[in-house]
Each structure stands twice: as structure tokens, then as C-alpha cells.
$ cat model.pdb   # PDB, C-alpha atoms
ATOM      1  CA  ILE A   1      -3.452 -23.103  -9.226
ATOM      2  CA  ALA A   2      -0.609 -21.590  -7.228
ATOM      3  CA  VAL A   3       1.190 -21.089  -3.924
ATOM      4  CA  ASP A   4       1.983 -17.511  -2.955
ATOM      5  CA  PRO A   5       4.953 -16.401  -0.857
ATOM      6  CA  ASP A   6       4.140 -14.453   2.310
ATOM      7  CA  ASN A   7       4.684 -10.668   2.379
ATOM      8  CA  SER A   8       8.126 -10.864   4.010
ATOM      9  CA  SER A   9       9.304 -13.371   1.390
ATOM     10  CA  ARG A  10       7.794 -11.266  -1.391
ATOM     11  CA  GLU A  11       9.870  -8.276  -0.197
ATOM     12  CA  LYS A  12      13.044 -10.399  -0.214
ATOM     13  CA  LEU A  13      12.250 -11.645  -3.730
ATOM     14  CA  ILE A  14      11.760  -8.077  -4.977
ATOM     15  CA  LYS A  15      15.129  -7.152  -3.434
ATOM     16  CA  LEU A  16      16.668 -10.159  -5.228
ATOM     17  CA  ILE A  17      15.205  -8.992  -8.555
ATOM     18  CA  SER A  18      16.611  -5.520  -7.896
ATOM     19  CA  ASP A  19      20.051  -7.022  -7.113
ATOM     20  CA  ILE A  20      20.192  -9.250 -10.197
ATOM     21  CA  LYS A  21      18.900  -6.631 -12.652
ATOM     22  CA  ARG A  22      22.385  -5.138 -12.801
ATOM     23  CA  LEU A  23      23.933  -8.578 -13.410
ATOM     24  CA  ILE A  24      21.606  -9.613 -16.245
ATOM     25  CA  ARG A  25      21.351  -7.205 -19.152
ATOM     26  CA  GLY A  26      18.818  -7.451 -21.940
ATOM     27  CA  ASP A  27      15.167  -7.152 -22.812
ATOM     28  CA  ILE A  28      13.632  -8.789 -19.738
ATOM     29  CA  LYS A  29      10.107  -8.472 -18.362
ATOM     30  CA  TRP A  30      10.605  -8.740 -14.608
ATOM     31  CA  THR A  31       7.780 -10.217 -12.532
ATOM     32  CA  ALA A  32       5.799  -7.629 -10.562
ATOM     33  CA  ALA A  33       5.762  -8.095  -6.778
ATOM     34  CA  HIS A  34       2.050  -8.912  -6.658
ATOM     35  CA  ASN A  35       2.468 -11.605  -9.355
ATOM     36  CA  LEU A  36       5.207 -13.661  -7.661
ATOM     37  CA  HIS A  37       3.956 -17.229  -7.104
ATOM     38  CA  PHE A  38       4.692 -20.917  -7.605
ATOM     39  CA  THR A  39       2.413 -22.300 -10.305
ATOM     40  CA  LEU A  40       1.249 -25.802  -9.428
ATOM     41  CA  LYS A  41      -1.023 -26.268 -12.450
ATOM     42  CA  PHE A  42      -2.069 -24.087 -15.372
ATOM     43  CA  ILE A  43      -5.533 -25.064 -16.515
ATOM     44  CA  GLY A  44      -6.247 -22.584 -19.304
ATOM     45  CA  GLU A  45      -9.600 -21.154 -20.310
ATOM     46  CA  ILE A  46     -12.552 -23.160 -18.986
ATOM     47  CA  SER A  47     -16.319 -22.724 -18.528
ATOM     48  CA  GLY A  48     -17.978 -21.823 -15.220
ATOM     49  CA  GLU A  49     -19.213 -25.406 -14.891
ATOM     50  CA  ARG A  50     -15.645 -26.713 -15.203
ATOM     51  CA  VAL A  51     -14.446 -24.122 -12.666
ATOM     52  CA  SER A  52     -16.986 -25.558 -10.208
ATOM     53  CA  LYS A  53     -15.612 -29.052 -10.859
ATOM     54  CA  VAL A  54     -12.032 -27.843 -10.255
ATOM     55  CA  ILE A  55     -13.109 -26.240  -6.953
ATOM     56  CA  GLU A  56     -14.818 -29.472  -5.912
ATOM     57  CA  ILE A  57     -11.663 -31.495  -6.652
ATOM     58  CA  LEU A  58      -9.318 -29.016  -4.935
ATOM     59  CA  ASN A  59     -11.538 -29.027  -1.828
ATOM     60  CA  ILE A  60     -10.969 -32.781  -1.590
ATOM     61  CA  ILE A  61      -7.220 -32.614  -2.299
ATOM     62  CA  ARG A  62      -6.556 -30.085   0.467
ATOM     63  CA  ASN A  63      -7.730 -32.617   3.046
ATOM     64  CA  PHE A  64      -4.835 -34.948   2.203
ATOM     65  CA  HIS A  65      -1.956 -32.450   2.514
ATOM     66  CA  SER A  66      -0.439 -30.779   5.561
ATOM     67  CA  PRO A  67       1.060 -27.283   5.773
ATOM     68  CA  PHE A  68       4.813 -27.272   5.106
ATOM     69  CA  ARG A  69       7.874 -24.994   4.993
ATOM     70  CA  LEU A  70       9.157 -23.894   1.623
ATOM     71  CA  SER A  71      12.563 -22.313   1.116
ATOM     72  CA  VAL A  72      13.273 -20.366  -2.055
ATOM     73  CA  SER A  73      16.857 -20.775  -3.164
ATOM     74  CA  GLY A  74      19.230 -19.861  -5.960
ATOM     75  CA  ILE A  75      18.897 -18.474  -9.469
ATOM     76  CA  GLY A  76      18.308 -20.632 -12.507
ATOM     77  CA  PHE A  77      17.521 -20.313 -16.189
ATOM     78  CA  PHE A  78      15.144 -22.249 -18.430
ATOM     79  CA  PRO A  79      16.173 -23.901 -20.678
ATOM     80  CA  GLY A  80      19.742 -22.921 -19.648
ATOM     81  CA  SER A  81      22.038 -19.932 -19.077
ATOM     82  CA  SER A  82      23.345 -19.865 -22.659
ATOM     83  CA  LYS A  83      19.944 -18.935 -24.168
ATOM     84  CA  PRO A  84      17.630 -18.264 -21.232
ATOM     85  CA  ARG A  85      13.900 -17.682 -21.684
ATOM     86  CA  ILE A  86      12.957 -17.744 -17.986
ATOM     87  CA  ILE A  87      14.929 -16.515 -14.961
ATOM     88  CA  PHE A  88      13.756 -18.251 -11.791
ATOM     89  CA  SER A  89      14.408 -19.227  -8.198
ATOM     90  CA  GLY A  90      13.952 -22.813  -7.120
ATOM     91  CA  VAL A  91      12.932 -24.733  -4.029
ATOM     92  CA  LYS A  92      15.218 -26.341  -1.474
ATOM     93  CA  GLU A  93      13.268 -27.242   1.676
ATOM     94  CA  GLY A  94       9.707 -28.374   0.907
ATOM     95  CA  ARG A  95      10.490 -29.789  -2.542
ATOM     96  CA  ASP A  96       8.901 -33.189  -1.826
ATOM     97  CA  GLN A  97       5.768 -31.627  -0.336
ATOM     98  CA  ILE A  98       5.169 -29.242  -3.242
ATOM     99  CA  LEU A  99       5.833 -32.083  -5.716
ATOM    100  CA  ASN A 100       3.326 -34.322  -3.903
ATOM    101  CA  LEU A 101       0.700 -31.563  -3.835
ATOM    102  CA  THR A 102       1.219 -30.906  -7.549
ATOM    103  CA  LYS A 103       1.036 -34.627  -8.341
ATOM    104  CA  SER A 104      -2.278 -34.916  -6.475
ATOM    105  CA  ILE A 105      -3.667 -31.958  -8.409
ATOM    106  CA  GLU A 106      -2.459 -33.342 -11.763
ATOM    107  CA  ASP A 107      -3.748 -36.861 -11.050
ATOM    108  CA  GLU A 108      -7.204 -35.834  -9.843
ATOM    109  CA  LEU A 109      -7.777 -33.228 -12.544
ATOM    110  CA  GLU A 110      -6.703 -35.735 -15.204
ATOM    111  CA  VAL A 111      -9.342 -38.188 -13.935
ATOM    112  CA  ALA A 112     -11.887 -35.356 -14.335
ATOM    113  CA  GLY A 113     -10.868 -34.843 -17.975
ATOM    114  CA  PHE A 114      -8.316 -32.051 -17.763
ATOM    115  CA  SER A 115      -5.118 -32.335 -19.792
ATOM    116  CA  ARG A 116      -2.017 -33.412 -17.934
ATOM    117  CA  GLU A 117       1.052 -31.184 -18.149
ATOM    118  CA  LYS A 118       3.448 -32.740 -20.667
ATOM    119  CA  ARG A 119       6.624 -31.384 -19.074
ATOM    120  CA  GLU A 120       7.925 -32.710 -15.787
ATOM    121  CA  PHE A 121       7.064 -30.359 -12.929
ATOM    122  CA  THR A 122       9.947 -28.264 -11.614
ATOM    123  CA  ALA A 123       9.020 -26.166  -8.585
ATOM    124  CA  HIS A 124      10.112 -22.634  -9.456
ATOM    125  CA  LEU A 125       9.164 -19.022  -9.021
ATOM    126  CA  THR A 126       9.531 -16.955 -12.210
ATOM    127  CA  LEU A 127      11.553 -13.790 -11.605
ATOM    128  CA  GLY A 128      11.658 -12.626 -15.217
ATOM    129  CA  ARG A 129      10.932 -13.554 -18.812
ATOM    130  CA  VAL A 130      13.568 -12.913 -21.468
ATOM    131  CA  LYS A 131      12.097 -11.135 -24.493
ATOM    132  CA  SER A 132      15.128 -11.382 -26.811
ATOM    133  CA  HIS A 133      18.169 -13.656 -27.094
ATOM    134  CA  SER A 134      20.704 -10.847 -26.668
ATOM    135  CA  VAL A 135      21.015 -11.313 -22.920
ATOM    136  CA  LYS A 136      24.275 -10.810 -21.054
ATOM    137  CA  ILE A 137      24.619 -12.698 -17.777
ATOM    138  CA  ASP A 138      27.413 -11.587 -15.477
ATOM    139  CA  PRO A 139      29.217 -14.725 -14.159
ATOM    140  CA  LEU A 140      28.955 -13.192 -10.672
ATOM    141  CA  ILE A 141      25.267 -14.089 -10.634
ATOM    142  CA  LEU A 142      26.040 -17.795 -10.769
ATOM    143  CA  ARG A 143      28.720 -17.501  -8.111
ATOM    144  CA  ASN A 144      26.819 -15.194  -5.742
ATOM    145  CA  PHE A 145      23.264 -16.472  -6.074
ATOM    146  CA  SER A 146      23.385 -20.065  -7.338
ATOM    147  CA  ASN A 147      22.670 -21.823  -4.026
ATOM    148  CA  SER A 148      21.885 -19.081  -1.539
ATOM    149  CA  GLU A 149      18.570 -19.193   0.324
ATOM    150  CA  ILE A 150      16.509 -16.150  -0.533
ATOM    151  CA  CYS A 151      13.577 -16.657   1.805
ATOM    152  CA  ASN A 152      11.405 -19.282   3.432
ATOM    153  CA  PHE A 153       7.786 -19.353   4.464
ATOM    154  CA  SER A 154       5.027 -21.647   5.629
ATOM    155  CA  VAL A 155       2.672 -22.956   2.939
ATOM    156  CA  GLU A 156      -0.728 -23.093   4.606
ATOM    157  CA  LYS A 157      -2.862 -22.945   1.443
ATOM    158  CA  PHE A 158      -2.952 -22.993  -2.323
ATOM    159  CA  ILE A 159      -5.039 -20.724  -4.523
ATOM    160  CA  LEU A 160      -7.147 -21.053  -7.654
ATOM    161  CA  TYR A 161      -6.649 -17.916  -9.721
ATOM    162  CA  LYS A 162      -8.309 -16.435 -12.744
ATOM    163  CA  SER A 163      -5.743 -14.737 -14.965
ATOM    164  CA  GLU A 164      -6.438 -11.945 -17.414
ATOM    165  CA  LEU A 165      -3.707 -11.135 -19.900
ATOM    166  CA  THR A 166      -3.087  -7.432 -20.510
ATOM    167  CA  PRO A 167      -0.342  -5.508 -22.361
ATOM    168  CA  ASP A 168       1.146  -4.627 -18.946
ATOM    169  CA  GLY A 169       1.223  -8.258 -17.848
ATOM    170  CA  PRO A 170      -1.222 -10.690 -16.292
ATOM    171  CA  ILE A 171      -3.781  -9.685 -13.683
ATOM    172  CA  TYR A 172      -4.563 -12.475 -11.225
ATOM    173  CA  SER A 173      -7.851 -12.609  -9.290
ATOM    174  CA  VAL A 174      -8.481 -15.104  -6.508
ATOM    175  CA  ILE A 175     -11.346 -17.474  -7.256
ATOM    176  CA  GLU A 176     -10.898 -19.571  -4.107
ATOM    177  CA  GLU A 177      -8.285 -20.413  -1.473
ATOM    178  CA  PHE A 178      -7.769 -23.967  -0.166
ATOM    179  CA  LEU A 179      -6.344 -24.385   3.346
ATOM    180  CA  LEU A 180      -4.193 -27.479   3.783
ATOM    181  CA  LYS A 181      -5.889 -29.578   6.465
ATOM    182  CA  LYS A 182      -4.157 -32.882   7.116
TER
END

$ encode --input "model.pdb" --output "C-alpha cells"
Amino acid sequence: IAVDPDNSSREKLIKLISDIKRLIRGDIKWTAAHNLHFTLKFIGEISGERVSKVIEILNIIRNFHSPFRLSVSGIGFFPGSSKPRIIFSGVKEGRDQILNLTKSIEDELEVAGFSREKREFTAHLTLGRVKSHSVKIDPLILRNFSNSEICNFSVEKFILYKSELTPDGPIYSVIEEFLLKK
């Protein structure tokens, strides 16, 4: 379950990836433009019957959330910059709204028998995944990109995706879109 950036924001994020590639050296799998998104909840492999239940729940949840602005800001590293595994951009404006939407999804799916995410939710957009620990991060990246706004867009909907893992990376297919209605 995810929120996608609009096309203009996607272009700015691809430019950001291009700019930071020269400041971060190593074996990194950069996120393809069409795969850039904010994951709200990863469900895993489920049956068609369970997919129908998820759709039913998400159709209810969308009625309790309004569209909101989301600004993508800065560069960060999970678990940290000394041994990063994930390179990401975070959220500035819209943080409370995306957290509330995610909490609603987690709470309602848990009631329906889906496992709750064990880690605390951090709204982020994955820019790249580090494949080895021999990564060199130019200190300029922290100075030049740590707090700068990259893009902002209106979140009008969230999407339930099916993901298929391939050697070239995941392929996401839309199962259903849920317009925020409140």
C-alpha cells in the first residue's frame, strides 16, 4: 500500500538521484523512476480472498482521510551514514497526515488478522539500496542535501499494489486506487 509522487516530483527525484550518484560511491541499486513511492504498509503474499478483504478495509479508511500536501526533503541513511543499507528522502510537510493514514491502515488491517509492522513507521522514499558495505559518502551530500526540499505534491489517493520480484528489480502493478474523501 503506497503513495506515489506526481510526475513533476518524480522528475525532480530522478534529478536528485543523478546528482547524488557522484557523491555516494559503491555498489548501490538505485530506484527506477517508475518505482519511486512511499510505502505505507507491506502486506506480503496473500490469497485472492484476503486481497478482497484488504480492498474492503481500504475503501472504508479512505473515507476518513482528506487529501494533503506532502513535501519530500533531505537525504538520509538507514540505519545510519556509517554503514548505510538504504538511501532515502524524508517528509517535512504532511508528516502528521501520512502517519495518521498509515496508523489507520495498520490498525484496521491488524483487526482483520494481518500482522502489524514491528518497526516504527518512518515516512520515507527509498532512493537506493546499498548492496555492499564499501560505500563512500562525500561529506558534501550531508551539507548540500540534508534539509533541502526536493519536491512537494498533493496526496489525493493511495494505491494497493501487487509486486513481482525480478532480477532487474520489482515490478509493481496497480490492484486498486483509493481516493481520499473526507

$ resolve_selection --input "model.pdb" --expression "the PyMOL selection byres ((chain A and resi 135) around 7)" --output "VMD selection string"
chain A and resid 24 to 26 133 to 134 136 to 137

$ closest_residue --input "model.pdb" --among "A:Glu56, A:Asp27, A:Glu110, A:Asp4" --to "Arg85 in chain A" --atoms "all atoms listed in the file"
A:Asp27

$ residues_around --input "model.pdb" --residues "Leu179 in chain A" --least-positions-apart "5" --cutoff "12 Å" --atoms "all atoms listed in the file" --output "compact mmCIF listing (two decimals) with C-alpha atoms, in the coordinates of the input"
# COMPACT_ATOMS: atom_id res chain seq x y z
CA VAL A 3 1.19 -21.09 -3.92
CA LEU A 58 -9.32 -29.02 -4.93
CA ASN A 59 -11.54 -29.03 -1.83
CA ILE A 60 -10.97 -32.78 -1.59
CA ILE A 61 -7.22 -32.61 -2.30
CA ARG A 62 -6.56 -30.08 0.47
CA ASN A 63 -7.73 -32.62 3.05
CA PHE A 64 -4.84 -34.95 2.20
CA HIS A 65 -1.96 -32.45 2.51
CA SER A 66 -0.44 -30.78 5.56
CA PRO A 67 1.06 -27.28 5.77
CA PHE A 68 4.81 -27.27 5.11
CA SER A 154 5.03 -21.65 5.63
CA VAL A 155 2.67 -22.96 2.94
CA GLU A 156 -0.73 -23.09 4.61
CA LYS A 157 -2.86 -22.94 1.44
CA PHE A 158 -2.95 -22.99 -2.32
CA ILE A 159 -5.04 -20.72 -4.52
CA LEU A 160 -7.15 -21.05 -7.65

$ residues_around --input "model.pdb" --residues "Ala2 in chain A" --least-positions-apart "2" --cutoff "12 Å" --atoms "only C-alpha atoms" --output "number ranges by chain"
A: 4-5, 35-43, 58, 98, 101-102, 105, 123-125, 155-163, 172-178

$ atom_distance --input "model.pdb" --atom1 "CA of Arg129 in chain A" --atom2 "CA of Ile171 in chain A"
16.1 Å

$ atom_distance --input "model.pdb" --atom1 "CA of Lys15 in chain A" --atom2 "CA of Ala33 in chain A"
10.0 Å

$ closest_residue --input "model.pdb" --among "A:Gly80, A:Ile55, A:Asn7, A:Leu140" --to "Leu109 in chain A" --atoms "all atoms listed in the file"
A:Ile55

$ closest_residue --input "model.pdb" --among "A:Arg22, A:Ile141, A:Ser8, A:Thr126" --to "Phe78 in chain A" --atoms "all atoms listed in the file"
A:Thr126

$ atom_distance --input "model.pdb" --atom1 "CA of Ser18 in chain A" --atom2 "CA of Ile75 in chain A"
13.2 Å

$ residues_around --input "model.pdb" --residues "Asn152 in chain A" --least-positions-apart "4" --cutoff "10 Å" --atoms "only C-alpha atoms" --output "list in words"
Pro5, Asp6, Ser8, Ser9, Lys12, Arg69, Leu70, Ser71, Val72, Ser73, Val91, Lys92, Glu93 and Gly94 of chain A

$ closest_residue --input "model.pdb" --among "A:Glu120, A:Gly48, A:Val54, A:Leu127" --to "Ile86 in chain A" --atoms "all atoms listed in the file"
A:Leu127

$ resolve_selection --input "model.pdb" --expression "the PyMOL selection byres ((chain A and resi 147) around 6)" --output "ChimeraX atom specification"
/A:73-74,145-146,148

$ resolve_selection --input "model.pdb" --expression "the PyMOL selection byres ((chain A and resi 29) around 6)" --output "PyMOL selection string"
chain A and resi 28+30+128-129
